[in-house]
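Chemist: File follows, run-v2.txt with compact mmCIF, C-alpha atoms and all ligand atoms:
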# COMPACT_ATOMS: atom_id res chain seq x y z
CA MET A 646 0.00 0.00 0.00
CA SER A 647 1.38 3.46 -0.84
CA LYS A 648 2.18 5.92 1.92
CA VAL A 649 -0.42 8.36 0.50
CA VAL A 650 -3.15 5.70 0.75
CA GLU A 651 -2.00 4.75 4.25
CA THR A 652 -2.11 8.42 5.30
CA PHE A 653 -5.60 9.12 3.95
CA ASP A 654 -7.03 5.81 5.15
CA ARG A 655 -5.81 6.83 8.61
CA TRP A 656 -7.30 10.33 8.23
CA ALA A 657 -10.66 8.72 7.31
CA GLU A 658 -10.49 6.50 10.41
CA GLU A 659 -9.69 9.52 12.58
CA GLY A 660 -12.61 11.52 11.14
CA ARG A 661 -10.31 14.05 9.48
CA ASP A 662 -12.29 13.76 6.22
CA ALA A 663 -14.86 16.06 7.87
CA GLU A 664 -12.09 18.59 8.66
CA LEU A 665 -11.09 18.58 4.99
CA GLU A 666 -14.68 19.43 4.08
CA ARG A 667 -14.79 22.28 6.61
CA GLU A 668 -11.47 23.65 5.34
CA HIS A 669 -12.19 23.35 1.62
CA HIS A 670 -15.91 23.80 1.09
CA ASP A 671 -16.02 27.60 0.71
CA VAL A 672 -13.43 27.67 -2.09
CA ALA A 673 -14.93 24.56 -3.72
CA ARG A 674 -18.41 26.13 -3.67
CA GLN A 675 -17.11 29.28 -5.38
CA VAL A 676 -15.46 27.26 -8.15
CA ILE A 677 -18.30 24.76 -8.61
CA ALA A 678 -20.71 27.72 -8.98
CA ALA A 679 -18.38 29.29 -11.59
CA MET A 680 -18.31 26.00 -13.54
CA GLN A 681 -21.99 26.55 -14.48
CA LEU A 682 -22.68 22.84 -14.82
CA LYS A 683 -25.43 22.00 -17.24
CA PRO A 684 -28.19 19.39 -16.90
CA GLY A 685 -26.97 15.97 -17.94
CA GLU A 686 -23.24 16.66 -17.67
CA ARG A 687 -20.95 13.94 -16.33
CA VAL A 688 -18.36 15.18 -13.84
CA LEU A 689 -15.35 13.42 -12.33
CA ASP A 690 -14.24 14.49 -8.81
CA LEU A 691 -10.59 13.48 -8.71
CA GLY A 692 -9.36 12.62 -5.19
CA CYS A 693 -12.84 12.97 -3.71
CA GLY A 694 -12.03 12.05 -0.10
CA ASN A 695 -15.38 11.44 1.64
CA GLY A 696 -17.23 12.66 -1.46
CA TRP A 697 -18.69 15.91 -0.08
CA ALA A 698 -17.77 17.86 -3.26
CA THR A 699 -18.99 14.99 -5.46
CA ARG A 700 -22.41 15.32 -3.81
CA LEU A 701 -22.32 19.10 -4.10
CA ILE A 702 -21.56 18.82 -7.83
CA ALA A 703 -24.40 16.31 -8.31
CA GLN A 704 -26.85 18.72 -6.69
CA THR A 705 -25.93 21.83 -8.70
CA SER A 706 -28.09 21.17 -11.74
CA PRO A 707 -30.77 18.62 -12.68
CA GLY A 708 -29.37 15.36 -13.98
CA VAL A 709 -25.69 16.15 -13.36
CA GLN A 710 -23.95 12.83 -12.76
CA ALA A 711 -20.97 13.00 -10.44
CA ILE A 712 -18.39 10.28 -9.93
CA GLY A 713 -15.81 10.59 -7.18
CA ILE A 714 -12.62 8.57 -7.25
CA ASP A 715 -9.99 8.17 -4.57
CA ALA A 716 -7.13 5.74 -3.99
CA ALA A 717 -7.88 5.45 -0.26
CA PRO A 718 -10.51 2.70 0.28
CA LYS A 719 -11.46 4.08 3.70
CA MET A 720 -12.23 7.50 2.18
CA ILE A 721 -14.49 5.77 -0.36
CA ALA A 722 -16.15 3.80 2.47
CA ARG A 723 -16.87 7.14 4.22
CA ALA A 724 -18.27 8.52 0.93
CA GLU A 725 -20.62 5.56 0.66
CA ALA A 726 -21.69 5.89 4.29
CA LEU A 727 -22.49 9.59 3.81
CA HIS A 728 -24.26 9.05 0.49
CA SER A 729 -27.95 9.75 0.02
CA LEU A 730 -29.86 7.69 -2.53
CA THR A 731 -31.58 10.85 -3.79
CA ILE A 732 -28.26 12.20 -5.12
CA ARG A 733 -26.87 11.19 -8.53
CA ALA A 734 -23.35 10.45 -7.31
CA ARG A 735 -21.18 7.38 -6.97
CA TYR A 736 -17.69 6.67 -5.73
CA GLU A 737 -14.91 4.31 -6.80
CA VAL A 738 -11.52 3.29 -5.45
CA CYS A 739 -9.22 4.25 -8.32
CA ALA A 740 -5.82 5.89 -8.88
CA PHE A 741 -5.30 9.13 -10.81
CA GLU A 742 -2.65 7.38 -12.86
CA LYS A 743 -4.99 4.64 -14.15
CA LEU A 744 -8.51 6.00 -14.39
CA ASP A 745 -10.99 3.20 -14.87
CA PHE A 746 -13.08 5.04 -17.50
CA LYS A 747 -13.34 5.06 -21.28
CA ASP A 748 -11.76 7.79 -23.41
CA ASN A 749 -13.85 10.98 -23.79
CA HIS A 750 -16.21 9.96 -20.95
CA PHE A 751 -16.54 13.15 -18.85
CA ASP A 752 -17.72 16.69 -19.61
CA ARG A 753 -15.77 18.09 -16.67
CA VAL A 754 -13.11 17.14 -14.17
CA PHE A 755 -12.91 18.79 -10.75
CA SER A 756 -10.15 18.23 -8.20
CA MET A 757 -9.85 19.79 -4.75
CA GLU A 758 -6.49 19.67 -2.97
CA ALA A 759 -5.48 16.31 -4.41
CA LEU A 760 -3.43 16.33 -7.62
CA TYR A 761 -0.06 17.20 -6.05
CA TYR A 762 -0.18 13.92 -4.08
CA ALA A 763 -0.06 11.92 -7.36
CA ALA A 764 2.64 9.24 -7.50
CA ASP A 765 3.13 10.19 -11.18
CA LEU A 766 1.77 13.68 -11.87
CA GLU A 767 2.50 13.59 -15.63
CA GLN A 768 0.58 10.32 -15.99
CA ALA A 769 -2.29 11.70 -13.87
CA VAL A 770 -2.67 14.73 -16.17
CA ARG A 771 -2.39 12.48 -19.24
CA GLU A 772 -5.26 10.38 -17.82
CA CYS A 773 -7.39 13.48 -17.18
CA PHE A 774 -6.93 14.51 -20.81
CA ARG A 775 -7.85 11.02 -22.03
CA VAL A 776 -11.12 10.73 -20.05
CA LEU A 777 -12.31 14.27 -20.89
CA LYS A 778 -14.56 14.79 -23.91
CA PRO A 779 -13.33 17.23 -26.56
CA GLY A 780 -14.75 20.59 -25.43
CA GLY A 781 -14.54 19.49 -21.78
CA SER A 782 -12.62 21.28 -19.04
CA ILE A 783 -10.72 20.58 -15.85
CA GLU A 784 -10.58 22.63 -12.64
CA THR A 785 -7.67 21.84 -10.35
CA LEU A 786 -7.47 23.51 -6.93
CA VAL A 787 -4.31 23.32 -4.81
CA ASP A 788 -3.14 24.99 -1.60
CA TYR A 789 0.37 23.53 -1.93
CA TYR A 790 2.26 25.54 -4.58
CA ALA A 791 5.58 27.39 -4.67
CA GLU A 792 4.21 30.94 -4.25
CA SER A 793 2.42 29.95 -1.02
CA ALA A 794 5.46 29.98 1.27
CA ALA A 795 3.50 28.82 4.33
CA SER A 796 2.72 25.47 2.67
CA GLU A 797 6.41 24.69 2.05
CA PRO A 798 6.91 22.35 5.08
CA TRP A 799 3.95 20.07 4.22
CA ALA A 800 5.90 17.34 2.38
CA LYS A 801 8.29 17.04 5.32
CA VAL A 802 5.69 17.13 8.09
CA MET A 803 3.43 14.66 6.28
CA GLY A 804 6.38 12.47 5.28
CA LEU A 805 5.12 12.37 1.68
CA ALA A 806 6.75 13.14 -1.67
CA LEU A 807 4.51 15.99 -2.85
CA HIS A 808 4.77 17.87 -6.16
CA ARG A 809 5.64 21.51 -5.41
CA LEU A 810 4.97 23.40 -8.62
CA SER A 811 4.85 27.15 -9.15
CA GLU A 812 1.82 28.87 -10.69
CA PRO A 813 3.55 28.96 -14.13
CA GLY A 814 4.67 25.36 -13.53
CA TRP A 815 1.04 24.21 -13.17
CA ARG A 816 0.16 26.10 -16.34
CA THR A 817 2.92 24.48 -18.40
CA LEU A 818 2.12 21.03 -16.96
CA PHE A 819 -1.35 21.18 -18.52
CA GLU A 820 -0.08 22.77 -21.74
CA ARG A 821 2.52 19.98 -22.09
CA HIS A 822 -0.38 17.50 -22.08
CA HIS A 823 -2.24 19.24 -24.91
CA PHE A 824 -4.70 21.27 -22.86
CA HIS A 825 -5.73 24.66 -24.27
CA ASN A 826 -6.75 27.97 -22.72
CA VAL A 827 -4.92 27.16 -19.48
CA THR A 828 -5.51 29.89 -16.91
CA THR A 829 -4.61 30.31 -13.26
CA ALA A 830 -6.13 32.43 -10.50
CA ARG A 831 -6.18 32.57 -6.71
CA VAL A 832 -9.39 31.83 -4.84
CA ILE A 833 -9.72 33.31 -1.36
CA ASP A 834 -11.86 31.63 1.29
CA SER A 835 -14.67 34.16 1.83
CA ARG A 836 -14.92 33.27 5.54
CA GLY A 837 -11.49 34.78 6.25
CA PRO A 838 -8.84 32.98 8.34
CA GLY A 839 -11.14 32.73 11.37
CA GLY A 840 -10.23 33.87 14.86
CA ALA A 841 -7.14 33.01 16.90
CA HIS A 842 -9.40 31.93 19.81
CA ASP A 843 -10.99 28.95 18.02
CA PHE A 844 -7.87 27.99 16.04
CA LYS A 845 -6.85 24.31 16.29
CA SER A 846 -3.34 23.45 15.14
CA ASP A 847 -2.30 20.43 13.12
CA GLU A 848 0.83 19.39 11.22
CA CYS A 849 -0.01 21.59 8.18
CA GLU A 850 -1.19 24.61 10.19
CA PRO A 851 1.01 24.60 13.31
CA THR A 852 0.25 28.23 14.23
CA PHE A 853 -2.52 30.76 13.59
CA ALA A 854 0.03 32.87 11.68
CA THR A 855 0.48 29.95 9.25
CA LYS A 856 -3.28 29.78 8.76
CA GLU A 857 -3.41 33.53 8.09
CA ALA A 858 -0.57 33.28 5.55
CA LEU A 859 -2.24 30.33 3.75
CA HIS A 860 -5.50 32.25 3.64
CA LYS A 861 -3.79 35.34 2.25
CA ALA A 862 -2.02 33.38 -0.53
CA GLY A 863 -5.30 31.67 -1.42
CA THR A 864 -6.01 28.44 -3.26
CA LEU A 865 -4.46 28.19 -6.71
CA ARG A 866 -7.12 27.48 -9.34
CA VAL A 867 -5.90 26.02 -12.63
CA ARG A 868 -8.49 25.77 -15.39
CA ALA A 869 -7.77 24.03 -18.68
CA GLU A 870 -9.75 22.88 -21.71
CA LYS A 871 -9.57 19.96 -24.12
CA GLN A 872 -10.07 21.44 -27.56
CA LYS A 873 -13.12 20.39 -29.63
C1 LIG B 901 -6.19 16.29 0.93
S1 LIG B 901 -7.29 15.02 0.43
C2 LIG B 901 -8.61 15.97 -0.32
C3 LIG B 901 -9.88 15.18 -0.39
C4 LIG B 901 -11.09 15.97 -0.93
N1 LIG B 901 -10.89 16.46 -2.27
C5 LIG B 901 -11.41 17.11 0.01
O1 LIG B 901 -11.19 18.28 -0.34
O2 LIG B 901 -11.89 16.83 1.12
C6 LIG B 901 -6.46 14.31 -0.99
C7 LIG B 901 -7.13 13.02 -1.49
O3 LIG B 901 -6.49 12.60 -2.70
C8 LIG B 901 -6.36 11.17 -2.68
N2 LIG B 901 -5.24 10.78 -3.55
C9 LIG B 901 -3.95 11.17 -3.41
N3 LIG B 901 -3.20 10.62 -4.40
C10 LIG B 901 -4.03 9.87 -5.16
C11 LIG B 901 -3.87 9.10 -6.35
N4 LIG B 901 -2.68 8.97 -6.93
N5 LIG B 901 -4.95 8.50 -6.87
C12 LIG B 901 -6.18 8.65 -6.29
N6 LIG B 901 -6.39 9.37 -5.16
C13 LIG B 901 -5.33 9.98 -4.60
C14 LIG B 901 -6.12 10.85 -1.22
O4 LIG B 901 -6.41 9.51 -0.90
C15 LIG B 901 -7.00 11.86 -0.49
O5 LIG B 901 -8.26 11.36 -0.16
Render the structure in this file as structure tokens.

Modeler:
Amino acid sequence: MSKVVETFDRWAEEGRDAELEREHHDVARQVIAAMQLKPGERVLDLGCGNGWATRLIAQTSPGVQAIGIDAAPKMIARAEALHSLTIRARYEVCAFEKLDFKDNHFDRVFSMEALYYAADLEQAVRECFRVLKPGGSIETLVDYYAESAASEPWAKVMGLALHRLSEPGWRTLFERHHFHNVTTARVIDSRGPGGAHDFKSDECEPTFATKEALHKAGTLRVRAEKQK
């Protein structure tokens, strides 16, 4: 089992999947709203964790079908436990590097705070391109990138080999894999960094000052299209 899977299986067991949702949902909501999903579209949530964003995507427009994939079986078990049968979403254990879907299957790909954990980032992006329909687009959101200095220690504190790309580095990664109209932007959590009084530290946010710096840098949004 890979160290990434071991880590996120443990996080699921410890209930930290819910913390991820609390941390990420404001930025994810902003981007999912901007995606303007249309009825009937098929959307892949890459590295879905407990599937909260997969369910959010499925509820944005009538008939949107959302599929969440994650390499950590215990995250997928949480997703299934939290699932409601009234929502058009499903979840699969699957690796970014070997997506278990046909070519040109999805209208959109969404990924929240996940792609930089890939064992093989080039292969992961190649797979995203393959499963997207011509005319489809991908939205990648990451908090770990070179211009966000406060995220720099994460690979060391998590004991994982993470991909630390710069904003232009993310852009050229997608361009290298034949994506068009690649744009980047920063998305700021509209709730602010919160207050120092209710701050709880963890390995990635050891101090409130770190949390403030991460909030100020924002989440890097990379949007890219597969040409028609
Ligand atoms: C930080 S969590 C984010 C989860 C979710 N998107 C959220 O915001 O709550 C990153 C997720 O990516 C998954 N992941 C990392 N590398 C992966 C890979 N190569 N293939 C599939 N999933 C992977 C992990 O198992 C983990 O659940």

Chemist: Could you give me, as a compact mmCIF listing (two decimals) with C-alpha atoms, keeping the file's coordinate frame, every polymer residue with an atom at most 8 Å away from an atom of ligand LIG 901 (chain B), counting only C-alpha atoms and all ligand atoms?

Modeler:
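Listing of out_6.txt after writing:
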# COMPACT_ATOMS: atom_id res chain seq x y z
CA VAL A 649 -0.42 8.36 0.50
CA VAL A 650 -3.15 5.70 0.75
CA THR A 652 -2.11 8.42 5.30
CA PHE A 653 -5.60 9.12 3.95
CA ASP A 654 -7.03 5.81 5.15
CA ASP A 662 -12.29 13.76 6.22
CA ALA A 663 -14.86 16.06 7.87
CA GLU A 664 -12.09 18.59 8.66
CA LEU A 665 -11.09 18.58 4.99
CA GLU A 666 -14.68 19.43 4.08
CA GLU A 668 -11.47 23.65 5.34
CA HIS A 669 -12.19 23.35 1.62
CA HIS A 670 -15.91 23.80 1.09
CA ASP A 690 -14.24 14.49 -8.81
CA LEU A 691 -10.59 13.48 -8.71
CA GLY A 692 -9.36 12.62 -5.19
CA CYS A 693 -12.84 12.97 -3.71
CA GLY A 694 -12.03 12.05 -0.10
CA ASN A 695 -15.38 11.44 1.64
CA GLY A 696 -17.23 12.66 -1.46
CA TRP A 697 -18.69 15.91 -0.08
CA ALA A 698 -17.77 17.86 -3.26
CA ILE A 714 -12.62 8.57 -7.25
CA ASP A 715 -9.99 8.17 -4.57
CA ALA A 716 -7.13 5.74 -3.99
CA ALA A 717 -7.88 5.45 -0.26
CA MET A 720 -12.23 7.50 2.18
CA VAL A 738 -11.52 3.29 -5.45
CA CYS A 739 -9.22 4.25 -8.32
CA ALA A 740 -5.82 5.89 -8.88
CA PHE A 741 -5.30 9.13 -10.81
CA GLU A 742 -2.65 7.38 -12.86
CA SER A 756 -10.15 18.23 -8.20
CA MET A 757 -9.85 19.79 -4.75
CA GLU A 758 -6.49 19.67 -2.97
CA ALA A 759 -5.48 16.31 -4.41
CA LEU A 760 -3.43 16.33 -7.62
CA TYR A 761 -0.06 17.20 -6.05
CA TYR A 762 -0.18 13.92 -4.08
CA ALA A 763 -0.06 11.92 -7.36
CA ALA A 764 2.64 9.24 -7.50
CA ASP A 765 3.13 10.19 -11.18
CA ALA A 769 -2.29 11.70 -13.87

Chemist: Show me the residues around (-6.9, 28.5, -10.1) - criterion: an atom at most 8 Å away, only C-alpha atoms counted - as a VMD selection string.

Modeler: chain A and resid 784 to 787 828 to 832 864 to 868

Chemist: So that I can check the surroundings of Asp748 of chain A, please list as a list in words every protein, DNA and RNA residue that reaches within 12 Å of it, counting only C-alpha atoms and ignoring chain neighbours fewer than 4 positions away.

Modeler: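 The filter keeps Lys743, Leu744, Asp752, Arg771, Glu772, Cys773, Phe774, Arg775, Val776, Leu777, Lys778 and Pro779 of chain A.
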
Chemist: Using all atoms listed in the file, which residues sit within 12 Å of Thr699 of chain A once same-chain residues fewer than 6 positions away are excluded, as a PyMOL selection string?

Modeler: chain A and resi 666+670+673-674+677+687-693+705+709-715+721+724-725+727-729+732-737+754-757

Chemist: Quick check, in Å to one decimal: how far apart do atom CA of Arg816 of chain A and atom CA of Ala862 of chain A lie?

Modeler: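 Atom-to-atom, atom CA of Arg816 of chain A to atom CA of Ala862 of chain A, that is 17.5 Å.
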
Chemist: Calculated over all atoms listed in the file, which of the candidates A:Lys719, A:His822, A:Lys801, A:Lys683 has the smallest distance to Ala657 of chain A?

Modeler: A:Lys719

Chemist: I'd like the interatomic distance between atom CA of His750 of chain A and atom CA of Gly781 of chain A, to a tenth of an Å.

Modeler: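 Atom CA of Gly781 of chain A lies at a distance of 9.7 Å from atom CA of His750 of chain A.
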
Chemist: Which residue gives the smallest distance to Val770 of chain A among A:Glu651, A:Glu820, A:Asp834, A:Glu659, with all atoms listed in the file counted?

Modeler: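 Nearest candidate to Val770 of chain A out of A:Glu651, A:Glu820, A:Asp834, A:Glu659: A:Glu820.
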
Chemist: To one decimal place in Å, what is the distance between atom CA of Ala841 of chain A and atom CA of Asp671 of chain A?

Modeler: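 A separation of 19.2 Å between them.
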
Chemist: Using all atoms listed in the file, find all polymer residues with an atom at most 10 Å away from the point (5.8, 28.9, -9.4); report them as a list in words.

Modeler: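 Returned residue set, sorted by chain then number, is Tyr790, Ala791, Glu792, Ser793, Arg809, Leu810, Ser811, Glu812, Pro813, Gly814, Trp815 and Arg816 of chain A.
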
Chemist: List as number ranges by chain the protein and nucleic acid residues near Trp799 of chain A, meaning an atom at most 10 Å away when all atoms listed in the file are counted, but skip any in the same chain fewer than 6 places from it.

Modeler: A: 789, 805-807, 809, 848-850

Chemist: Taking all atoms listed in the file into account, which of A:Gly839, A:Pro707, A:Pro798, A:Pro718 comes nearest Phe853 of chain A?

Modeler: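 Closest to Phe853 of chain A of all the choices is A:Gly839.
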